[in-house]
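Chemist: Sharing structure_12.pdb (PDB, C-alpha atoms and all ligand atoms) below.
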```
ATOM      1  CA  MET H 235     -36.917  12.054 -46.034
ATOM      2  CA  ASN H 236     -36.839   8.285 -45.991
ATOM      3  CA  LYS H 237     -36.178   6.084 -43.008
ATOM      4  CA  ILE H 238     -33.799   3.296 -43.966
ATOM      5  CA  ASN H 239     -32.947   0.103 -42.127
ATOM      6  CA  LEU H 240     -29.509  -1.280 -41.370
ATOM      7  CA  SER H 241     -29.461  -3.609 -44.408
ATOM      8  CA  THR H 242     -30.287  -0.782 -46.800
ATOM      9  CA  LEU H 243     -27.698   1.437 -45.157
ATOM     10  CA  ALA H 244     -25.103  -1.341 -45.472
ATOM     11  CA  LYS H 245     -25.969  -1.840 -49.126
ATOM     12  CA  ARG H 246     -25.739   1.860 -49.946
ATOM     13  CA  LEU H 247     -22.401   2.247 -48.181
ATOM     14  CA  LYS H 248     -20.877  -0.781 -49.891
ATOM     15  CA  LYS H 249     -20.961   1.178 -53.139
ATOM     16  CA  PRO H 250     -17.518   2.773 -53.591
ATOM     17  CA  GLN H 251     -17.943   6.548 -53.731
ATOM     18  CA  LYS H 252     -15.864   9.568 -52.819
ATOM     19  CA  THR H 253     -17.411  10.398 -49.467
ATOM     20  CA  LEU H 254     -17.477  13.331 -47.073
ATOM     21  CA  ILE H 255     -18.333  12.482 -43.462
ATOM     22  CA  LEU H 256     -19.795  15.381 -41.452
ATOM     23  CA  THR H 257     -19.623  15.629 -37.665
ATOM     24  CA  HIS H 258     -21.485  17.977 -35.337
ATOM     25  CA  GLN H 259     -20.056  21.282 -34.111
ATOM     26  CA  ASN H 260     -18.092  21.360 -30.804
ATOM     27  CA  PRO H 261     -17.076  17.789 -31.649
ATOM     28  CA  ASP H 262     -17.042  15.109 -28.955
ATOM     29  CA  PRO H 263     -15.567  11.594 -29.068
ATOM     30  CA  ASP H 264     -18.880  10.091 -30.231
ATOM     31  CA  THR H 265     -19.175  12.187 -33.386
ATOM     32  CA  LEU H 266     -15.421  12.011 -34.103
ATOM     33  CA  GLY H 267     -15.249   8.290 -33.277
ATOM     34  CA  SER H 268     -18.271   7.645 -35.518
ATOM     35  CA  ALA H 269     -16.665   9.584 -38.363
ATOM     36  CA  MET H 270     -13.267   7.914 -38.108
ATOM     37  CA  ALA H 271     -14.716   4.429 -37.603
ATOM     38  CA  LEU H 272     -16.977   4.949 -40.629
ATOM     39  CA  ASN H 273     -13.952   6.102 -42.608
ATOM     40  CA  HIS H 274     -12.194   2.800 -41.805
ATOM     41  CA  LEU H 275     -15.329   0.881 -42.717
ATOM     42  CA  LEU H 276     -15.721   2.657 -46.059
ATOM     43  CA  SER H 277     -12.109   2.024 -46.983
ATOM     44  CA  VAL H 278     -12.693  -1.737 -46.528
ATOM     45  CA  PHE H 279     -15.208  -1.395 -49.373
ATOM     46  CA  GLY H 280     -13.018   0.788 -51.583
ATOM     47  CA  SER H 281     -14.469   4.217 -50.797
ATOM     48  CA  GLU H 282     -12.197   7.176 -50.222
ATOM     49  CA  ALA H 283     -13.447   9.479 -47.477
ATOM     50  CA  ASP H 284     -12.662  12.737 -45.699
ATOM     51  CA  ILE H 285     -14.049  14.097 -42.448
ATOM     52  CA  ALA H 286     -15.265  17.666 -41.982
ATOM     53  CA  CYS H 287     -16.179  19.553 -38.828
ATOM     54  CA  SER H 288     -17.069  23.217 -38.369
ATOM     55  CA  ASP H 289     -14.878  23.531 -35.247
ATOM     56  CA  THR H 290     -11.306  22.464 -34.598
ATOM     57  CA  PRO H 291     -11.429  19.347 -32.399
ATOM     58  CA  SER H 292      -9.623  19.391 -29.058
ATOM     59  CA  SER H 293      -6.075  18.008 -29.211
ATOM     60  CA  ARG H 294      -7.243  15.589 -26.503
ATOM     61  CA  PHE H 295      -8.965  13.661 -29.318
ATOM     62  CA  ASP H 296      -5.836  13.265 -31.438
ATOM     63  CA  PHE H 297      -5.941   9.541 -30.666
ATOM     64  CA  ILE H 298      -9.177   9.385 -32.686
ATOM     65  CA  LEU H 299      -8.244  11.652 -35.593
ATOM     66  CA  LYS H 300      -4.570  10.655 -35.901
ATOM     67  CA  GLY H 301      -3.765  13.868 -37.746
ATOM     68  CA  ALA H 302      -6.739  13.749 -40.148
ATOM     69  CA  ASP H 303      -7.593  17.198 -41.505
ATOM     70  CA  THR H 304     -11.167  18.094 -40.535
ATOM     71  CA  SER H 305     -11.440  21.395 -42.378
ATOM     72  CA  TYR H 306     -13.769  21.440 -45.365
ATOM     73  CA  THR H 307     -12.799  21.885 -48.994
ATOM     74  CA  ASP H 308     -15.056  20.809 -51.826
ATOM     75  CA  LYS H 309     -13.292  17.908 -53.522
ATOM     76  CA  GLY H 310     -16.224  16.867 -55.676
ATOM     77  CA  TYR H 311     -17.683  14.427 -53.191
ATOM     78  CA  GLU H 312     -20.213  11.927 -54.529
ATOM     79  CA  ARG H 313     -21.739  11.172 -51.142
ATOM     80  CA  LEU H 314     -22.200  13.108 -47.885
ATOM     81  CA  VAL H 315     -22.894  11.264 -44.637
ATOM     82  CA  ALA H 316     -23.684  13.036 -41.339
ATOM     83  CA  VAL H 317     -22.883  11.138 -38.139
ATOM     84  CA  ASP H 318     -24.252  11.949 -34.655
ATOM     85  CA  VAL H 319     -25.803  15.119 -36.107
ATOM     86  CA  ALA H 320     -29.364  15.734 -34.857
ATOM     87  CA  SER H 321     -30.204  18.769 -37.003
ATOM     88  CA  PRO H 322     -28.670  20.999 -39.700
ATOM     89  CA  SER H 323     -27.864  23.694 -37.125
ATOM     90  CA  GLN H 324     -25.605  21.179 -35.374
ATOM     91  CA  LEU H 325     -23.391  21.266 -38.443
ATOM     92  CA  GLY H 326     -22.361  24.777 -37.376
ATOM     93  CA  SER H 327     -20.845  26.708 -40.269
ATOM     94  CA  LEU H 328     -21.109  23.576 -42.458
ATOM     95  CA  ALA H 329     -24.920  23.799 -42.316
ATOM     96  CA  THR H 330     -24.596  25.261 -45.830
ATOM     97  CA  LEU H 331     -24.043  21.649 -46.960
ATOM     98  CA  LYS H 332     -27.290  20.393 -45.434
ATOM     99  CA  ASP H 333     -29.127  19.929 -48.740
ATOM    100  CA  ARG H 334     -26.275  17.842 -50.116
ATOM    101  CA  VAL H 335     -26.383  15.312 -47.252
ATOM    102  CA  ASP H 336     -27.363  11.863 -48.581
ATOM    103  CA  LEU H 337     -27.412   9.867 -45.369
ATOM    104  CA  ILE H 338     -27.742  10.466 -41.643
ATOM    105  CA  ILE H 339     -26.580   7.900 -39.105
ATOM    106  CA  ASP H 340     -27.727   9.008 -35.669
ATOM    107  CA  HIS H 341     -28.912   8.057 -32.194
ATOM    108  CA  HIS H 342     -30.748  11.232 -31.078
ATOM    109  CA  GLU H 343     -34.458  10.801 -30.413
ATOM    110  CA  MET H 344     -35.062  14.330 -31.698
ATOM    111  CA  ASN H 345     -33.322  14.026 -35.071
ATOM    112  CA  THR H 346     -34.945  16.379 -37.581
ATOM    113  CA  ARG H 347     -34.333  13.845 -40.396
ATOM    114  CA  PHE H 348     -33.029  16.330 -42.935
ATOM    115  CA  ALA H 349     -31.858  13.526 -45.278
ATOM    116  CA  ASP H 350     -32.410   9.777 -45.627
ATOM    117  CA  TYR H 351     -31.718   8.511 -42.147
ATOM    118  CA  TYR H 352     -30.755   5.407 -40.257
ATOM    119  CA  GLU H 353     -31.466   5.831 -36.572
ATOM    120  CA  ASP H 354     -31.368   3.643 -33.529
ATOM    121  CA  PHE H 355     -31.558   5.233 -30.111
ATOM    122  CA  ARG H 356     -28.545   3.379 -28.800
ATOM    123  CA  ALA H 357     -26.484   5.006 -26.032
ATOM    124  CA  SER H 358     -23.905   6.270 -28.509
ATOM    125  CA  ASN H 359     -23.829   6.690 -32.257
ATOM    126  CA  CYS H 360     -20.622   4.646 -32.295
ATOM    127  CA  GLU H 361     -22.770   1.637 -31.389
ATOM    128  CA  ASN H 362     -24.723   2.272 -34.590
ATOM    129  CA  ILE H 363     -21.472   2.291 -36.549
ATOM    130  CA  TYR H 364     -20.423  -0.960 -34.872
ATOM    131  CA  ALA H 365     -23.795  -2.546 -35.725
ATOM    132  CA  LEU H 366     -23.284  -1.364 -39.310
ATOM    133  CA  ALA H 367     -19.803  -2.910 -39.470
ATOM    134  CA  LYS H 368     -21.275  -6.201 -38.296
ATOM    135  CA  LYS H 369     -24.069  -5.974 -40.868
ATOM    136  CA  MET H 370     -21.515  -5.306 -43.606
ATOM    137  CA  GLY H 371     -19.536  -8.365 -42.518
ATOM    138  CA  ALA H 372     -16.412  -6.246 -42.054
ATOM    139  CA  ILE H 373     -15.439  -6.795 -38.412
ATOM    140  CA  LYS H 374     -12.527  -9.128 -39.212
ATOM    141  CA  LYS H 375     -11.141  -6.763 -41.863
ATOM    142  CA  LEU H 376     -10.994  -3.639 -39.691
ATOM    143  CA  PRO H 377      -7.824  -2.249 -38.056
ATOM    144  CA  LEU H 378      -7.397  -1.916 -34.287
ATOM    145  CA  HIS H 379      -7.985   1.829 -34.607
ATOM    146  CA  PHE H 380     -11.584   1.207 -35.707
ATOM    147  CA  PHE H 381     -12.264  -0.465 -32.349
ATOM    148  CA  GLU H 382     -10.481   2.328 -30.452
ATOM    149  CA  CYS H 383     -12.726   4.902 -32.150
ATOM    150  CA  VAL H 384     -15.932   2.998 -31.460
ATOM    151  CA  TYR H 385     -14.948   2.394 -27.849
ATOM    152  CA  ALA H 386     -14.108   6.084 -27.346
ATOM    153  CA  GLY H 387     -17.562   7.176 -28.509
ATOM    154  CA  MET H 388     -19.344   4.539 -26.466
ATOM    155  CA  SER H 389     -17.444   5.334 -23.303
ATOM    156  CA  SER H 390     -17.724   9.086 -23.776
ATOM    157  CA  ASP H 391     -21.483   9.216 -24.411
ATOM    158  CA  THR H 392     -22.129   6.955 -21.414
ATOM    159  CA  GLY H 393     -19.777   8.839 -19.067
ATOM    160  CA  GLY H 394     -17.601   5.732 -18.783
ATOM    161  CA  PHE H 395     -20.505   3.257 -18.976
ATOM    162  CA  LYS H 396     -22.326   4.751 -16.023
ATOM    163  CA  TYR H 397     -25.264   6.781 -17.415
ATOM    164  CA  SER H 398     -28.864   5.577 -17.631
ATOM    165  CA  ASN H 399     -28.537   5.181 -21.403
ATOM    166  CA  VAL H 400     -26.355   2.056 -21.026
ATOM    167  CA  THR H 401     -28.203  -1.079 -22.152
ATOM    168  CA  PRO H 402     -27.271  -4.779 -22.156
ATOM    169  CA  SER H 403     -26.463  -4.319 -25.865
ATOM    170  CA  THR H 404     -23.984  -1.541 -24.997
ATOM    171  CA  MET H 405     -22.144  -3.901 -22.690
ATOM    172  CA  LEU H 406     -22.287  -6.735 -25.203
ATOM    173  CA  TYR H 407     -20.675  -4.559 -27.866
ATOM    174  CA  ALA H 408     -18.104  -3.266 -25.356
ATOM    175  CA  SER H 409     -17.247  -6.855 -24.512
ATOM    176  CA  GLU H 410     -16.747  -7.732 -28.179
ATOM    177  CA  ILE H 411     -14.647  -4.606 -28.709
ATOM    178  CA  LEU H 412     -12.362  -5.384 -25.751
ATOM    179  CA  LYS H 413     -11.559  -8.720 -27.395
ATOM    180  CA  SER H 414      -9.861  -6.781 -30.213
ATOM    181  CA  GLY H 415      -7.085  -5.926 -27.743
ATOM    182  CA  ILE H 416      -7.498  -2.147 -27.482
ATOM    183  CA  ASP H 417      -6.016  -0.296 -24.512
ATOM    184  CA  HIS H 418      -9.376   0.769 -23.086
ATOM    185  CA  ALA H 419      -7.893   2.036 -19.810
ATOM    186  CA  GLU H 420      -5.679   4.476 -21.674
ATOM    187  CA  ILE H 421      -8.613   5.725 -23.767
ATOM    188  CA  ASN H 422     -10.623   6.368 -20.599
ATOM    189  CA  ARG H 423      -7.674   8.056 -18.913
ATOM    190  CA  ILE H 424      -7.270  10.473 -21.826
ATOM    191  CA  MET H 425     -10.990  11.252 -21.925
ATOM    192  CA  PHE H 426     -11.838  11.432 -18.220
ATOM    193  CA  ASP H 427      -8.777  11.582 -15.985
ATOM    194  CA  SER H 428      -6.493  14.062 -17.641
ATOM    195  CA  LYS H 429      -7.201  17.789 -17.448
ATOM    196  CA  THR H 430      -5.344  20.790 -18.802
ATOM    197  CA  VAL H 431      -4.449  23.640 -16.456
ATOM    198  CA  GLY H 432      -7.107  25.721 -18.228
ATOM    199  CA  GLU H 433      -9.740  23.082 -17.519
ATOM    200  CA  ILE H 434      -8.805  22.946 -13.835
ATOM    201  CA  LYS H 435      -9.074  26.752 -13.612
ATOM    202  CA  ALA H 436     -12.435  26.530 -15.355
ATOM    203  CA  GLN H 437     -13.597  23.915 -12.841
ATOM    204  CA  ARG H 438     -12.831  26.183  -9.926
ATOM    205  CA  LEU H 439     -14.614  29.044 -11.650
ATOM    206  CA  THR H 440     -17.649  26.856 -12.380
ATOM    207  CA  TYR H 441     -18.064  26.044  -8.688
ATOM    208  CA  GLU H 442     -17.653  29.725  -7.823
ATOM    209  CA  ILE H 443     -20.322  31.051 -10.171
ATOM    210  CA  MET H 444     -22.853  28.238  -9.742
ATOM    211  CA  GLN H 445     -26.312  29.355  -8.587
ATOM    212  CA  PHE H 446     -29.283  27.424  -7.289
ATOM    213  CA  TYR H 447     -33.053  27.722  -7.747
ATOM    214  CA  CYS H 448     -36.154  25.670  -6.873
ATOM    215  CA  ASP H 449     -34.905  24.792  -3.378
ATOM    216  CA  ASN H 450     -31.520  23.756  -4.842
ATOM    217  CA  ALA H 451     -33.115  21.353  -7.338
ATOM    218  CA  LEU H 452     -32.025  23.523 -10.260
ATOM    219  CA  SER H 453     -28.377  24.522 -10.650
ATOM    220  CA  ILE H 454     -26.938  26.834 -13.252
ATOM    221  CA  ALA H 455     -23.577  28.320 -14.233
ATOM    222  CA  VAL H 456     -23.608  31.282 -16.602
ATOM    223  CA  PHE H 457     -20.402  31.930 -18.524
ATOM    224  CA  THR H 458     -20.599  35.500 -19.795
ATOM    225  CA  ASN H 459     -17.906  36.831 -22.092
ATOM    226  CA  GLU H 460     -16.857  39.129 -19.262
ATOM    227  CA  ILE H 461     -16.328  36.206 -16.865
ATOM    228  CA  LYS H 462     -14.538  34.126 -19.493
ATOM    229  CA  GLN H 463     -12.227  36.976 -20.396
ATOM    230  CA  ALA H 464     -11.444  37.978 -16.812
ATOM    231  CA  ASN H 465     -10.452  34.386 -15.993
ATOM    232  CA  GLY H 466      -8.639  33.521 -19.213
ATOM    233  CA  ILE H 467     -11.121  30.744 -20.011
ATOM    234  CA  VAL H 468     -11.476  29.407 -23.567
ATOM    235  CA  GLU H 469     -14.507  27.461 -24.866
ATOM    236  CA  SER H 470     -12.806  24.070 -24.792
ATOM    237  CA  ASP H 471     -12.069  24.558 -21.049
ATOM    238  CA  ILE H 472     -15.803  24.645 -20.275
ATOM    239  CA  SER H 473     -17.060  22.154 -22.855
ATOM    240  CA  ASP H 474     -18.202  19.756 -20.119
ATOM    241  CA  ALA H 475     -18.831  22.232 -17.278
ATOM    242  CA  VAL H 476     -22.444  21.075 -17.078
ATOM    243  CA  SER H 477     -21.377  17.735 -15.604
ATOM    244  CA  LEU H 478     -19.827  19.597 -12.638
ATOM    245  CA  VAL H 479     -23.044  21.558 -12.156
ATOM    246  CA  ARG H 480     -24.953  18.285 -12.302
ATOM    247  CA  GLY H 481     -22.834  16.578  -9.662
ATOM    248  CA  ILE H 482     -24.351  18.264  -6.609
ATOM    249  CA  GLU H 483     -26.537  16.250  -4.279
ATOM    250  CA  GLY H 484     -30.186  17.258  -4.533
ATOM    251  CA  VAL H 485     -29.851  18.777  -7.998
ATOM    252  CA  LEU H 486     -32.512  17.435 -10.354
ATOM    253  CA  VAL H 487     -31.649  19.537 -13.407
ATOM    254  CA  ALA H 488     -28.338  21.242 -14.166
ATOM    255  CA  LEU H 489     -27.760  23.982 -16.719
ATOM    256  CA  THR H 490     -24.922  25.947 -18.223
ATOM    257  CA  LEU H 491     -25.316  29.035 -20.392
ATOM    258  CA  LYS H 492     -22.406  30.194 -22.501
ATOM    259  CA  GLN H 493     -22.413  33.554 -24.202
ATOM    260  CA  SER H 494     -21.104  33.526 -27.763
ATOM    261  CA  LYS H 495     -17.876  35.451 -28.267
ATOM    262  CA  ASP H 496     -18.764  36.561 -31.788
ATOM    263  CA  GLU H 497     -22.442  37.244 -31.202
ATOM    264  CA  PRO H 498     -23.026  38.500 -27.639
ATOM    265  CA  ARG H 499     -26.806  38.069 -28.008
ATOM    266  CA  LYS H 500     -26.359  34.347 -28.666
ATOM    267  CA  PHE H 501     -26.278  31.869 -25.760
ATOM    268  CA  PHE H 502     -25.615  28.142 -25.800
ATOM    269  CA  LEU H 503     -27.652  26.208 -23.285
ATOM    270  CA  SER H 504     -26.672  22.746 -22.022
ATOM    271  CA  SER H 505     -29.037  20.827 -19.774
ATOM    272  CA  ARG H 506     -28.687  17.583 -17.830
ATOM    273  CA  SER H 507     -31.289  15.727 -15.818
ATOM    274  CA  ASN H 508     -30.535  13.536 -12.818
ATOM    275  CA  VAL H 509     -34.075  12.156 -12.694
ATOM    276  CA  ASN H 510     -36.893  11.325 -15.070
ATOM    277  CA  ILE H 511     -37.342  14.891 -16.311
ATOM    278  CA  ASP H 512     -37.215  15.070 -20.104
ATOM    279  CA  VAL H 513     -34.878  17.998 -20.748
ATOM    280  CA  SER H 514     -35.036  17.396 -24.517
ATOM    281  CA  HIS H 515     -38.726  18.328 -24.329
ATOM    282  CA  ALA H 516     -37.878  21.587 -22.582
ATOM    283  CA  CYS H 517     -35.075  22.329 -25.051
ATOM    284  CA  ALA H 518     -37.338  21.563 -28.023
ATOM    285  CA  SER H 519     -39.740  24.266 -26.812
ATOM    286  CA  ILE H 520     -36.977  26.828 -27.430
ATOM    287  CA  GLY H 521     -35.723  25.352 -30.695
ATOM    288  CA  GLY H 522     -33.174  22.839 -29.398
ATOM    289  CA  GLY H 523     -33.128  19.126 -28.717
ATOM    290  CA  GLY H 524     -31.069  16.089 -27.814
ATOM    291  CA  HIS H 525     -31.638  13.236 -25.400
ATOM    292  CA  HIS H 526     -34.044  12.805 -22.465
ATOM    293  CA  ARG H 527     -31.326  13.473 -19.919
ATOM    294  CA  ALA H 528     -28.853  15.521 -21.953
ATOM    295  CA  SER H 529     -29.954  18.267 -24.302
ATOM    296  CA  GLY H 530     -29.091  21.687 -25.596
ATOM    297  CA  ALA H 531     -30.372  24.760 -27.382
ATOM    298  CA  THR H 532     -29.189  28.056 -28.790
ATOM    299  CA  ILE H 533     -31.125  31.112 -27.670
ATOM    300  CA  TYR H 534     -30.978  34.824 -28.424
ATOM    301  CA  CYS H 535     -31.390  37.356 -25.605
ATOM    302  CA  ASN H 536     -30.391  40.953 -24.952
ATOM    303  CA  SER H 537     -28.332  40.165 -21.865
ATOM    304  CA  PRO H 538     -26.975  37.235 -19.843
ATOM    305  CA  ASP H 539     -29.506  38.035 -17.106
ATOM    306  CA  GLU H 540     -32.382  37.849 -19.549
ATOM    307  CA  ALA H 541     -31.109  34.509 -20.901
ATOM    308  CA  LYS H 542     -30.731  33.132 -17.388
ATOM    309  CA  LYS H 543     -34.221  34.266 -16.399
ATOM    310  CA  LEU H 544     -35.697  32.597 -19.473
ATOM    311  CA  VAL H 545     -34.116  29.182 -18.880
ATOM    312  CA  VAL H 546     -34.570  29.232 -15.099
ATOM    313  CA  GLU H 547     -38.292  29.901 -15.575
ATOM    314  CA  LEU H 548     -38.592  27.220 -18.232
ATOM    315  CA  PHE H 549     -36.875  24.458 -16.265
ATOM    316  CA  SER H 550     -38.484  25.481 -12.954
ATOM    317  CA  LYS H 551     -41.823  24.503 -14.470
ATOM    318  CA  TYR H 552     -40.531  21.022 -15.271
ATOM    319  CA  ILE H 553     -39.109  20.648 -11.771
ATOM    320  CA  GLU H 554     -42.350  21.804 -10.082
ATOM    321  CA  GLU H 555     -44.287  19.348 -12.238
ATOM    322  CA  TYR H 556     -41.895  16.519 -11.381
ATOM    323  CA  LYS H 557     -42.040  17.316  -7.670
ATOM    324  CA  LYS H 558     -45.856  17.366  -7.747
ATOM    325  CA  ASN H 559     -45.973  13.939  -9.391
ATOM    326  CA  ASN H 560     -43.409  12.422  -7.035
ATOM    327  CA  GLU H 561     -44.633  13.695  -3.677
TER     328      GLU H 561
HETATM  329 MN    MN H 601     -23.583  11.046 -29.532
END
```
Take the structure I supplied and represent it as structure tokens, if you would.

Modeler:
Amino acid sequence: MNKINLSTLAKRLKKPQKTLILTHQNPDPDTLGSAMALNHLLSVFGSEADIACSDTPSSRFDFILKGADTSYTDKGYERLVAVDVASPSQLGSLATLKDRVDLIIDHHEMNTRFADYYEDFRASNCENIYALAKKMGAIKKLPLHFFECVYAGMSSDTGGFKYSNVTPSTMLYASEILKSGIDHAEINRIMFDSKTVGEIKAQRLTYEIMQFYCDNALSIAVFTNEIKQANGIVESDISDAVSLVRGIEGVLVALTLKQSKDEPRKFFLSSRSNVNIDVSHACASIGGGGHHRASGATIYCNSPDEAKKLVVELFSKYIEEYKKNNE
């Protein structure tokens, strides 16, 4: 598939076409913000667009979607654009549309480039959308909500502008976006400082079930269906559990494993690195991918114990290697 630059992308998107914007599964503010911001941008140039996602987004992100329907129905779309989607499998049940995707706009280093792609490894994909809006000369024509969406994705993918992926360009864009007059404090409060009762219960559970390996340099929480059921935990309650597992002093790599409700042999792995250990490399070796310090994979094992053993062994190797090189 062809790599395209920002000018070509801008030119192609200026053409008015009935467009479907695809987000990744288990949607986060970066994929949803990218989709909604792109929708605003397309409407400036006379394109009608819908957004589709395989999973129902958390009601926490209503401020991004504003009631937009994200279920998929074929309305004879002329153009499909995937945003913040690193591979077809990330489309979840909408992966059936993968061959119809015309354009990918993404920031993952490990994108599998399953259609013509524009990529820039900025901290968030929303920064790519903002760069696109600038290239298209549309900034002055966009509503306040466009800036709210872009800000949400930027802040979310950088953990509130505090991860190592933040660059001077991130801050420059954030500065420009604040000038639009958005209520950035409220956006951050919704995303970071407001938890449901279910999420608080899930936090307590996460700390309870956390286990340590490699002299406490590797931490892991395994959410089996049994544990989830016994504690009344739903998937959205543990969507960011890995950041709790990561926040322990001395931990170099943090993992969560979540057993699939529908397919008990399927496990979703999330990994985070606190140091210069490339977890996307480790995840790629088992069919996943993502960013250097934040990656994931889907694995198939006969039992939760087997899945845990597999990932603990895999990441232990990376930790041993890191420790050897940094003695
Ligand atoms: Mn992203």

Chemist: Translate the PyMOL selection byres (((chain H and resi 294) around 10) and not hetatm) into a concrete residue list for this structure, as a PyMOL selection string.

Modeler: chain H and resi 263+291-293+295-299+424-425+428-430

Chemist: With a cut-off of 7 Å, could you pull out the residues of chain H touching ligand MN 601 (chain H) and give me the nearest pair of atoms for each, distance in Å to one decimal, using only C-alpha atoms and all ligand atoms, ordered by chain and ascending number, as a Markdown table?

Modeler:
```
| residue | atom | partner | partner_atom | distance |
| --- | --- | --- | --- | --- |
| H:Asp264 | CA | H:MN601 | MN | 4.8 |
| H:Thr265 | CA | H:MN601 | MN | 6.0 |
| H:Asp318 | CA | H:MN601 | MN | 5.2 |
| H:His341 | CA | H:MN601 | MN | 6.7 |
| H:Ser358 | CA | H:MN601 | MN | 4.9 |
| H:Asn359 | CA | H:MN601 | MN | 5.1 |
| H:Asp391 | CA | H:MN601 | MN | 5.8 |
```

Chemist: Taking into account all atoms listed in the file, which residue in the set H:Gly310, H:Pro498, H:Gly387, H:Gly301 is nearest to Asn536 (chain H)?

Modeler: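 Distance minimum relative to Asn536 (chain H) lands on H:Pro498.
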
Chemist: In the coordinates of the file, take the point (-6.3, -0.3, -24.6) and a cut-off of 12 Å; then, counting all atoms listed in the file, name each qualifying protein, DNA or RNA residue as a list in words.

Modeler: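 Collected hits near the coordinates: Phe297, Leu378, His379, Phe381, Glu382, Cys383, Tyr385, Ala386, Ile411, Leu412, Lys413, Ser414, Gly415, Ile416, Asp417, His418, Ala419, Glu420, Ile421, Asn422, Arg423 and Ile424 of chain H.
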
Chemist: Could you list, as a ChimeraX atom specification, every residue within 8 Å of region 451-467 of chain H, counting all atoms listed in the file and ignoring same-chain residues fewer than 5 positions away?

Modeler: /H:432,435-436,440,443-446,472,476,479-480,484-495,498,538,542,546,549-550,553

Chemist: So how many Å separate CA of Ser268 (chain H) and CA of Lys368 (chain H), to one decimal?

Modeler: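 Answer for the CA of Ser268 (chain H) to CA of Lys368 (chain H) separation: 14.4 Å.
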
Chemist: Under the PyMOL selection byres (((chain H and resi 238-245) around 10) and not hetatm), which residues of this model are included? Write them out as a short mmCIF file (atom, residue, chain, number, x, y, z; two decimals) with C-alpha atoms, in the coordinates of the input.

Modeler:
```
data_model
loop_
_atom_site.label_atom_id
_atom_site.label_comp_id
_atom_site.auth_asym_id
_atom_site.auth_seq_id
_atom_site.Cartn_x
_atom_site.Cartn_y
_atom_site.Cartn_z
CA MET H 235 -36.92 12.05 -46.03
CA ASN H 236 -36.84 8.28 -45.99
CA LYS H 237 -36.18 6.08 -43.01
CA ARG H 246 -25.74 1.86 -49.95
CA LEU H 247 -22.40 2.25 -48.18
CA LYS H 248 -20.88 -0.78 -49.89
CA LYS H 249 -20.96 1.18 -53.14
CA LEU H 337 -27.41 9.87 -45.37
CA ILE H 338 -27.74 10.47 -41.64
CA ILE H 339 -26.58 7.90 -39.10
CA ASP H 350 -32.41 9.78 -45.63
CA TYR H 351 -31.72 8.51 -42.15
CA TYR H 352 -30.76 5.41 -40.26
CA GLU H 353 -31.47 5.83 -36.57
CA ASP H 354 -31.37 3.64 -33.53
CA ASN H 362 -24.72 2.27 -34.59
CA ALA H 365 -23.80 -2.55 -35.72
CA LEU H 366 -23.28 -1.36 -39.31
CA ALA H 367 -19.80 -2.91 -39.47
CA LYS H 368 -21.28 -6.20 -38.30
CA LYS H 369 -24.07 -5.97 -40.87
CA MET H 370 -21.52 -5.31 -43.61
CA GLY H 371 -19.54 -8.36 -42.52
#
```
